[in-house]
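Novice: Below you'll find coords-v4.tsv; it's TSV, C-alpha atoms (C1' of nucleotides).
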chain	number	residue	atom	x	y	z
A	99	MET	CA	70.63	74.88	102.99
A	100	LEU	CA	70.76	71.36	104.26
A	101	GLY	CA	73.01	71.55	107.32
A	102	ASP	CA	76.69	70.98	106.87
A	103	MET	CA	76.54	67.26	106.24
A	104	GLY	CA	73.54	66.96	103.98
A	105	LEU	CA	73.97	67.53	100.26
A	106	SER	CA	71.27	67.84	97.64
A	107	ILE	CA	71.45	65.86	94.45
A	108	GLY	CA	72.43	69.03	92.62
A	109	GLN	CA	75.33	69.67	94.96
A	110	VAL	CA	76.53	66.11	94.56
A	111	ALA	CA	76.29	66.47	90.79
A	112	GLU	CA	78.51	69.57	91.01
A	113	ARG	CA	81.08	67.87	93.22
A	114	THR	CA	81.30	64.63	91.31
A	115	GLY	CA	80.78	65.81	87.76
A	116	LEU	CA	77.95	63.34	87.32
A	117	SER	CA	74.58	64.58	86.08
A	118	VAL	CA	71.57	64.42	88.39
A	119	HIS	CA	70.17	61.89	85.93
A	120	ALA	CA	73.25	59.75	86.31
A	121	LEU	CA	73.04	59.98	90.10
A	122	ARG	CA	69.47	58.72	90.11
A	123	PHE	CA	70.42	56.06	87.62
A	124	TYR	CA	73.31	54.87	89.80
A	125	GLU	CA	71.02	54.68	92.79
A	126	LYS	CA	68.45	52.65	90.85
A	127	GLU	CA	71.27	50.36	89.71
A	128	GLY	CA	72.20	49.77	93.32
A	129	ILE	CA	75.68	51.19	93.31
A	130	LEU	CA	75.46	53.33	96.40
A	131	ALA	CA	77.06	51.75	99.43
A	132	HIS	CA	74.38	52.98	101.77
A	133	GLN	CA	70.79	53.82	101.06
A	134	VAL	CA	70.38	57.52	100.41
A	135	HIS	CA	68.44	59.28	103.12
A	136	ARG	CA	65.39	61.31	102.13
A	137	GLY	CA	64.63	64.79	103.42
A	138	PRO	CA	61.38	66.77	103.37
A	139	GLY	CA	59.39	66.30	100.20
A	140	GLY	CA	61.12	63.02	99.49
A	141	ARG	CA	64.31	64.71	98.39
A	142	ARG	CA	67.58	62.83	98.46
A	143	VAL	CA	70.08	63.90	101.09
A	144	TYR	CA	73.63	62.74	100.46
A	145	THR	CA	76.50	62.62	102.91
A	146	GLN	CA	80.17	63.21	102.29
A	147	GLN	CA	80.68	59.43	102.44
A	148	ASP	CA	78.25	59.05	99.56
A	149	VAL	CA	80.30	61.52	97.57
A	150	ASP	CA	83.52	59.66	98.39
A	151	TRP	CA	81.96	56.37	97.38
A	152	LEU	CA	80.70	57.87	94.15
A	153	ARG	CA	84.15	59.17	93.36
A	154	MET	CA	85.48	55.67	93.69
A	155	CYS	CA	82.71	54.34	91.45
A	156	ILE	CA	83.64	56.97	88.91
A	157	MET	CA	87.21	55.69	88.93
A	158	LEU	CA	86.00	52.15	88.44
A	159	ARG	CA	83.72	53.19	85.58
A	160	MET	CA	86.45	55.27	83.94
A	161	SER	CA	88.70	52.27	83.96
A	162	GLY	CA	85.99	50.21	82.31
A	163	MET	CA	84.35	48.28	85.11
A	164	PRO	CA	80.77	47.58	84.00
A	165	VAL	CA	77.90	48.76	86.18
A	166	PRO	CA	76.82	45.20	87.12
A	167	GLU	CA	80.26	44.46	88.53
A	168	ILE	CA	80.31	47.67	90.51
A	169	ARG	CA	76.96	46.55	91.87
A	170	ARG	CA	78.40	43.19	92.94
A	171	TYR	CA	81.21	44.95	94.74
A	172	THR	CA	78.79	47.41	96.33
A	173	GLU	CA	76.62	44.59	97.57
A	174	LEU	CA	79.58	42.95	99.28
A	175	VAL	CA	80.42	46.21	101.00
A	176	ARG	CA	76.80	46.61	102.07
A	177	GLN	CA	76.79	43.13	103.58
A	178	GLY	CA	79.61	44.16	105.88
A	179	ASP	CA	82.56	42.25	107.32
A	180	GLY	CA	83.44	38.73	106.33
A	181	ASN	CA	83.61	38.89	102.55
A	182	GLU	CA	86.87	40.77	102.13
A	183	LEU	CA	88.36	37.96	100.06
A	184	GLN	CA	85.58	38.26	97.52
A	185	ARG	CA	86.01	42.02	97.34
A	186	LEU	CA	89.72	41.52	96.88
A	187	ASP	CA	89.05	39.09	94.03
A	188	ILE	CA	86.91	41.60	92.19
A	189	LEU	CA	89.50	44.31	92.64
A	190	LYS	CA	92.39	42.11	91.56
A	191	GLU	CA	90.59	40.91	88.46
A	192	HIS	CA	89.83	44.45	87.53
A	193	GLN	CA	93.37	45.50	88.24
A	194	GLU	CA	94.57	42.91	85.78
A	195	ARG	CA	92.15	44.13	83.11
A	196	VAL	CA	93.30	47.69	83.63
A	197	ARG	CA	96.91	46.59	83.34
A	198	GLN	CA	96.14	44.92	80.01
A	199	GLN	CA	94.27	47.96	78.84
A	200	MET	CA	97.29	50.11	79.61
A	201	VAL	CA	99.57	47.79	77.67
A	202	GLN	CA	97.25	47.92	74.67
A	203	LEU	CA	96.95	51.66	74.90
A	204	GLN	CA	100.72	51.95	75.01
A	205	GLU	CA	100.98	49.85	71.84
A	206	CYS	CA	98.50	52.14	70.11
A	207	MET	CA	100.41	55.13	71.38
A	208	ASP	CA	103.65	53.76	69.97
A	209	LEU	CA	102.11	53.30	66.55
A	210	ILE	CA	100.55	56.75	66.58
A	211	THR	CA	103.79	58.34	67.72
A	212	TYR	CA	105.65	56.56	64.96
A	213	LYS	CA	103.19	57.85	62.35
A	214	VAL	CA	103.22	61.36	63.76
A	215	GLY	CA	107.01	61.31	63.52
A	216	LYS	CA	106.93	60.21	59.91
A	217	TYR	CA	104.39	62.83	58.91
A	218	GLU	CA	106.32	65.54	60.74
A	219	ASP	CA	109.50	64.60	58.91
A	220	TYR	CA	107.67	64.64	55.62
A	221	VAL	CA	105.94	67.94	56.26
A	222	ASN	CA	109.22	69.50	57.37
A	223	SER	CA	111.03	68.27	54.28
A	224	ILE	CA	108.37	69.87	52.11
A	225	ALA	CA	108.65	73.11	54.06
A	226	ALA	CA	112.44	73.05	53.69
A	227	LYS	CA	112.15	72.64	49.93
A	228	ALA	CA	109.75	75.56	49.73
A	229	VAL	CA	112.22	77.75	51.64
A	230	GLY	CA	115.06	76.60	49.43
A	231	GLN	CA	113.31	77.73	46.27
K	41	MET	CA	92.68	29.33	46.72
K	42	LEU	CA	92.89	32.89	45.52
K	43	GLY	CA	96.47	33.20	44.35
K	44	ASP	CA	99.08	34.33	46.85
K	45	MET	CA	98.01	37.93	47.09
K	46	GLY	CA	94.25	37.66	47.18
K	47	LEU	CA	92.51	37.00	50.46
K	48	SER	CA	88.88	36.14	51.05
K	49	ILE	CA	86.86	37.95	53.66
K	50	GLY	CA	87.08	34.89	55.89
K	51	GLN	CA	90.85	34.84	55.68
K	52	VAL	CA	91.02	38.52	56.51
K	53	ALA	CA	88.72	37.93	59.45
K	54	GLU	CA	91.08	35.26	60.74
K	55	ARG	CA	94.15	37.44	60.34
K	56	THR	CA	92.72	40.57	61.87
K	57	GLY	CA	90.45	39.17	64.52
K	58	LEU	CA	87.53	41.13	63.09
K	59	SER	CA	84.31	39.29	62.21
K	60	VAL	CA	83.22	39.10	58.59
K	61	HIS	CA	80.29	41.24	59.62
K	62	ALA	CA	82.62	43.86	61.01
K	63	LEU	CA	84.67	43.79	57.82
K	64	ARG	CA	81.62	44.47	55.66
K	65	PHE	CA	80.54	47.12	58.14
K	66	TYR	CA	83.92	48.87	57.97
K	67	GLU	CA	83.77	48.85	54.22
K	68	LYS	CA	80.29	50.35	54.21
K	69	GLU	CA	81.52	52.98	56.64
K	70	GLY	CA	84.26	53.87	54.21
K	71	ILE	CA	87.26	53.04	56.30
K	72	LEU	CA	89.21	51.06	53.75
K	73	ALA	CA	92.00	53.03	52.14
K	74	HIS	CA	91.42	51.49	48.74
K	75	GLN	CA	88.26	50.06	47.28
K	76	VAL	CA	88.13	46.33	47.76
K	77	HIS	CA	88.46	44.44	44.52
K	78	ARG	CA	85.77	41.89	43.66
K	79	GLY	CA	86.45	38.42	42.37
K	80	PRO	CA	84.17	35.95	40.58
K	81	GLY	CA	80.65	35.94	41.92
K	82	GLY	CA	81.09	39.40	43.36
K	83	ARG	CA	83.27	38.19	46.22
K	84	ARG	CA	85.62	40.56	47.98
K	85	VAL	CA	89.31	40.04	47.36
K	86	TYR	CA	91.58	41.69	49.88
K	87	THR	CA	95.29	42.38	49.54
K	88	GLN	CA	97.97	42.35	52.21
K	89	GLN	CA	97.86	46.16	52.20
K	90	ASP	CA	94.18	46.01	53.08
K	91	VAL	CA	95.06	43.80	56.02
K	92	ASP	CA	97.81	46.19	57.12
K	93	TRP	CA	95.47	49.13	56.86
K	94	LEU	CA	92.83	47.28	58.85
K	95	ARG	CA	95.33	46.51	61.54
K	96	MET	CA	96.04	50.20	61.88
K	97	CYS	CA	92.34	50.96	62.02
K	98	ILE	CA	92.02	48.39	64.79
K	99	MET	CA	94.70	50.21	66.75
K	100	LEU	CA	92.89	53.50	66.26
K	101	ARG	CA	89.58	51.96	67.36
K	102	MET	CA	91.16	50.26	70.36
K	103	SER	CA	92.51	53.58	71.49
K	104	GLY	CA	89.06	55.11	71.18
K	105	MET	CA	89.04	56.89	67.84
K	106	PRO	CA	85.42	56.96	66.65
K	107	VAL	CA	84.58	55.45	63.28
K	108	PRO	CA	83.67	58.83	61.70
K	109	GLU	CA	87.11	60.18	62.50
K	110	ILE	CA	88.80	57.12	61.09
K	111	ARG	CA	86.72	57.75	57.99
K	112	ARG	CA	87.96	61.36	57.77
K	113	TYR	CA	91.53	60.15	58.00
K	114	THR	CA	90.89	57.43	55.45
K	115	GLU	CA	89.41	59.93	53.04
K	116	LEU	CA	92.50	62.10	53.26
K	117	VAL	CA	94.69	59.12	52.49
K	118	ARG	CA	92.45	58.19	49.56
K	119	GLN	CA	92.77	61.70	48.15
K	120	GLY	CA	96.51	61.25	47.94
K	121	ASP	CA	99.41	63.66	48.38
K	122	GLY	CA	98.97	67.22	49.50
K	123	ASN	CA	96.97	66.93	52.70
K	124	GLU	CA	99.63	65.57	55.01
K	125	LEU	CA	99.21	68.47	57.41
K	126	GLN	CA	95.57	67.59	57.91
K	127	ARG	CA	96.40	63.95	58.50
K	128	LEU	CA	99.04	65.01	60.98
K	129	ASP	CA	96.48	67.15	62.81
K	130	ILE	CA	94.11	64.24	63.20
K	131	LEU	CA	96.88	62.00	64.47
K	132	LYS	CA	98.23	64.58	66.88
K	133	GLU	CA	94.80	65.31	68.32
K	134	HIS	CA	94.23	61.64	68.81
K	135	GLN	CA	97.66	61.22	70.33
K	136	GLU	CA	96.78	63.84	72.90
K	137	ARG	CA	93.52	62.11	73.76
K	138	VAL	CA	95.30	58.80	74.17
K	139	ARG	CA	97.85	60.47	76.42
K	140	GLN	CA	95.07	61.81	78.63
K	141	GLN	CA	93.38	58.44	78.67
K	142	MET	CA	96.61	56.86	79.87
K	143	VAL	CA	96.96	59.41	82.65
K	144	GLN	CA	93.40	58.75	83.79
K	145	LEU	CA	93.89	55.04	83.62
K	146	GLN	CA	97.04	55.36	85.70
K	147	GLU	CA	95.09	57.30	88.33
K	148	CYS	CA	92.49	54.57	88.44
K	149	MET	CA	95.22	51.99	88.66
K	150	ASP	CA	96.79	53.80	91.60
K	151	LEU	CA	93.52	53.83	93.49
K	152	ILE	CA	92.84	50.18	92.76
K	153	THR	CA	96.34	49.19	93.75
K	154	TYR	CA	95.96	51.10	96.99
K	155	LYS	CA	92.71	49.32	97.77
K	156	VAL	CA	94.09	45.93	96.81
K	157	GLY	CA	96.98	46.57	99.19
K	158	LYS	CA	94.67	47.46	102.03
K	159	TYR	CA	92.49	44.41	101.53
K	160	GLU	CA	95.52	42.15	101.28
K	161	ASP	CA	96.87	43.48	104.56
K	162	TYR	CA	93.52	42.98	106.18
K	163	VAL	CA	93.03	39.48	104.84
K	164	ASN	CA	96.56	38.53	105.89
K	165	SER	CA	96.03	39.87	109.38
K	166	ILE	CA	92.90	37.75	109.72
K	167	ALA	CA	94.79	34.70	108.44
K	168	ALA	CA	97.60	35.37	110.91
K	169	LYS	CA	95.15	35.52	113.79
K	170	ALA	CA	93.59	32.24	112.71
K	171	VAL	CA	97.03	30.60	112.67
K	172	GLY	CA	97.85	32.12	116.04
K	173	GLN	CA	94.88	30.49	117.70
R	244	DC	C1'	71.60	15.76	41.83
R	245	DT	C1'	72.02	17.29	46.22
R	246	DA	C1'	73.91	19.14	49.99
R	247	DC	C1'	77.30	22.02	52.14
R	248	DG	C1'	80.00	25.89	53.22
R	249	DA	C1'	81.39	30.31	52.30
R	250	DA	C1'	80.29	34.15	50.29
R	251	DG	C1'	76.81	38.13	48.90
R	252	DT	C1'	72.95	42.09	50.18
R	253	DA	C1'	69.74	44.91	52.90
R	254	DG	C1'	68.19	45.96	56.88
R	255	DA	C1'	66.73	44.87	61.74
R	256	DG	C1'	68.29	44.09	66.46
R	257	DC	C1'	71.16	44.47	70.57
R	258	DC	C1'	73.76	46.28	74.50
R	259	DG	C1'	75.52	49.48	77.80
R	260	DA	C1'	75.25	53.66	79.96
R	261	DC	C1'	73.29	57.21	80.17
R	262	DT	C1'	70.00	61.18	78.84
R	263	DC	C1'	65.80	63.13	78.28
R	264	DT	C1'	60.64	63.76	78.59
R	265	DA	C1'	56.30	64.28	80.76
R	266	DG	C1'	53.94	65.44	84.40
R	267	DG	C1'	53.94	66.51	89.26
R	268	DT	C1'	55.39	68.57	94.26
R	269	DC	C1'	57.12	72.15	96.97
R	270	DA	C1'	59.38	76.46	98.96
R	271	DA	C1'	60.94	80.98	98.45
R	272	DG	C1'	61.01	85.49	96.23
R	273	DA	C1'	58.76	89.52	93.40
N	36	DT	C1'	49.30	85.21	93.82
N	37	DC	C1'	52.28	83.80	90.53
N	38	DT	C1'	56.50	82.28	88.90
N	39	DT	C1'	60.78	80.10	89.14
N	40	DG	C1'	63.78	76.56	90.00
N	41	DA	C1'	65.23	72.45	92.14
N	42	DC	C1'	63.61	68.32	93.04
N	43	DC	C1'	60.53	63.86	92.40
N	44	DT	C1'	58.97	59.29	89.45
N	45	DA	C1'	58.39	56.23	85.57
N	46	DG	C1'	59.57	55.21	81.50
N	47	DA	C1'	61.03	56.35	76.65
N	48	DG	C1'	64.86	57.65	73.62
N	49	DT	C1'	69.73	57.95	72.02
N	50	DC	C1'	74.19	56.60	70.34
N	51	DG	C1'	78.03	53.88	68.82
N	52	DG	C1'	79.57	49.80	67.15
N	53	DC	C1'	78.86	46.09	65.88
N	54	DT	C1'	75.95	41.51	65.32
N	55	DC	C1'	72.49	38.93	63.49
N	56	DT	C1'	68.66	37.54	60.30
N	57	DA	C1'	66.67	36.35	55.98
N	58	DC	C1'	67.30	35.14	51.84
N	59	DT	C1'	70.28	34.34	47.56
N	60	DT	C1'	74.20	32.65	44.84
N	61	DC	C1'	78.21	29.96	43.99
N	62	DG	C1'	81.55	26.03	43.53
N	63	DT	C1'	82.90	21.79	44.96
N	64	DA	C1'	82.52	16.97	47.28
N	65	DG	C1'	79.84	12.83	47.84
Would you write out, as structure tokens, the structure that this file holds?
Specialist:
Amino acid sequence: MLGDMGLSIGQVAERTGLSVHALRFYEKEGILAHQVHRGPGGRRVYTQQDVDWLRMCIMLRMSGMPVPEIRRYTELVRQGDGNELQRLDILKEHQERVRQQMVQLQECMDLITYKVGKYEDYVNSIAAKAVGQ
Amino acid sequence: MLGDMGLSIGQVAERTGLSVHALRFYEKEGILAHQVHRGPGGRRVYTQQDVDWLRMCIMLRMSGMPVPEIRRYTELVRQGDGNELQRLDILKEHQERVRQQMVQLQECMDLITYKVGKYEDYVNSIAAKAVGQ
DNA sequence: CTACGAAGTAGAGCCGACTCTAGGTCAAGA
DNA sequence: TCTTGACCTAGAGTCGGCTCTACTTCGTAG
């Protein structure tokens, strides 16, 4: 419908798993690397690069980066060459937070696994008694 | 101040890292395994078991279990013996969600690490050029 | 006595990230 | 011609999990 490199907001929603609402919201929040082009009737026309960028944003969001920080990063990318150190800083800081998150999650997992083990033992011992009777 | 097994809400806040507000909130939400005892003047008196229970709740929250589900689990524990299978179900379901979360987080981490690597290479190559001049 | 700090209650407020509503445009198909 | 469906904007609403406010009541130290 839109030539092979133009995607409608609906198509992008399908491919990214974001809702059309979320896509408009992200745009308003300034987390698209390049301004979205508009087609006839003022409709958004996305490119494959937009989709790729969005997929990266989704990864950042999933790992807990807040929207304002994604915006900061996006702005640096929009400004072009020369600020790679700043981009690197943002990414490294986030990397560290994700690492900590994973450690915490592993601790929680250990506790849960311990409790699951105890309950399984208990439940099995009850079942064994019932069979024995 | 309160004998060696009674803790004030402030002391529990210190030991758990929760705010006193959060402690009252958790109580109102019914996620304390045993009703908190009240001392003179209607003040809450917590035991070490309460603290232990709270620490487990904190782990569950940290790993993303919603308060209503912690309440369901708490209620089963309050009811006493006989519902261990249900408790096990809740824990196993949560365990699975945490597992998935960890997988996702690892994917994000991989992407971030890849990008950090690329930016580091780039930044180093720029630095090398500068030295070379 | 007074002032302070730590506790109590009930309920309002906040924040982030969407999500949804209302009201409108436009193009294609029955 | 009429309807449908995908899109548009601006702005309101939602939800979870606290956090904070207002006001009161104690018990102790100065």
Novice: Just give me the gap between atom CA of Met105 of chain K and atom CA of Ile210 of chain A in Å, one decimal is fine.
Specialist: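 Separating atom CA of Met105 of chain K from atom CA of Ile210 of chain A is a distance of 11.6 Å.
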Novice: Could you work out which residues of chain A fall inside 9 Å of chain K? Count only C-alpha atoms, and format the result as a short mmCIF file (atom, residue, chain, number, x, y, z; two decimals) with C-alpha atoms, in the frame of the given file.
Specialist:
data_model
loop_
_atom_site.label_atom_id
_atom_site.label_comp_id
_atom_site.auth_asym_id
_atom_site.auth_seq_id
_atom_site.Cartn_x
_atom_site.Cartn_y
_atom_site.Cartn_z
CA MET A 154 85.48 55.67 93.69
CA MET A 157 87.21 55.69 88.93
CA LEU A 158 86.00 52.15 88.44
CA MET A 160 86.45 55.27 83.94
CA SER A 161 88.70 52.27 83.96
CA GLU A 182 86.87 40.77 102.13
CA LEU A 183 88.36 37.96 100.06
CA ARG A 185 86.01 42.02 97.34
CA LEU A 186 89.72 41.52 96.88
CA ASP A 187 89.05 39.09 94.03
CA LEU A 189 89.50 44.31 92.64
CA LYS A 190 92.39 42.11 91.56
CA HIS A 192 89.83 44.45 87.53
CA GLN A 193 93.37 45.50 88.24
CA VAL A 196 93.30 47.69 83.63
CA ARG A 197 96.91 46.59 83.34
CA GLN A 199 94.27 47.96 78.84
CA MET A 200 97.29 50.11 79.61
CA GLN A 202 97.25 47.92 74.67
CA LEU A 203 96.95 51.66 74.90
CA GLN A 204 100.72 51.95 75.01
CA GLU A 205 100.98 49.85 71.84
CA CYS A 206 98.50 52.14 70.11
CA MET A 207 100.41 55.13 71.38
CA LEU A 209 102.11 53.30 66.55
CA ILE A 210 100.55 56.75 66.58
CA THR A 211 103.79 58.34 67.72
CA LYS A 213 103.19 57.85 62.35
CA VAL A 214 103.22 61.36 63.76
CA TYR A 217 104.39 62.83 58.91
CA GLU A 218 106.32 65.54 60.74
CA TYR A 220 107.67 64.64 55.62
CA VAL A 221 105.94 67.94 56.26
#
Novice: Just give me the gap between atom CA of Arg176 of chain A and atom CA of Pro138 of chain A in Å, one decimal is fine.
Specialist: 25.4 Å
Novice: Identify every residue of chain R that has at least one atom within 10 Å of any atom of chain K, counting all atoms listed in the file, and report the result as an MDAnalysis selection string.
Specialist: chainID R and resid 249:251
Novice: Select, from K:Ile110, K:Gly46, K:Ala53, K:Tyr66, the residue with the minimum atom-to-atom distance to chain N, counting only C-alpha atoms (C1' of nucleotides).
Specialist: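 With only C-alpha atoms (C1' of nucleotides) as the atom set, the closest residue is K:Tyr66.
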Novice: Restricting the calculation to only C-alpha atoms (C1' of nucleotides), which member of N:DT44, N:DC53, N:DC58, N:DA64 is positioned closest to chain K?
Specialist: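 Closest candidate: N:DC53.
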Novice: Do you have the atom CA of Thr114 of chain K-atom CA of Gln51 of chain K distance handy?
Specialist: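 Computing it gives 22.6 Å between the two atoms.
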Novice: Write out as JSON lines the residues of chain N that have any atom within 12 Å of an atom of chain A, one row each with the nearest atom pair and its distance in Å to one decimal, counting all atoms listed in the file, sorted by chain and then rising number.
Specialist:
{"residue": "N:DG40", "atom": "C1'", "partner": "A:Gly108", "partner_atom": "CA", "distance": 11.8}
{"residue": "N:DA41", "atom": "C1'", "partner": "A:Gly108", "partner_atom": "CA", "distance": 8.0}
{"residue": "N:DC42", "atom": "C1'", "partner": "A:Arg141", "partner_atom": "CA", "distance": 6.5}
{"residue": "N:DC43", "atom": "C1'", "partner": "A:Arg141", "partner_atom": "CA", "distance": 7.1}
{"residue": "N:DT44", "atom": "C1'", "partner": "A:Arg122", "partner_atom": "CA", "distance": 10.5}
{"residue": "N:DA45", "atom": "C1'", "partner": "A:Lys126", "partner_atom": "CA", "distance": 11.9}
Novice: Set the distance at 8 Å and use all atoms listed in the file: which residues neighbour segment 255-267 of chain R once local chain neighbours fewer than 4 positions away are removed? I'd like the list as a list in words.
Specialist: His119 and Ala120 of chain A; DC43, DA47, DG48, DT49, DT54, DC55 and DT56 of chain N
Novice: Please provide as a PyMOL selection string all residues within 12 Å of DT38 of chain N, with the sequence filter that same-chain residues fewer than 4 positions apart are discarded (counting only C-alpha atoms (C1' of nucleotides)).
Specialist: chain R and resi 270-273
Novice: Draw an axis-aligned box over all listed atoms of segment 41-44 of chain N, pad each side with 8 Å, and write its centre and edge lengths in Å, one decimal, as lines of an AutoDock Vina configuration file.
Specialist:
center_x = 62.1
center_y = 65.9
center_z = 91.2
size_x = 22.3
size_y = 29.2
size_z = 19.6
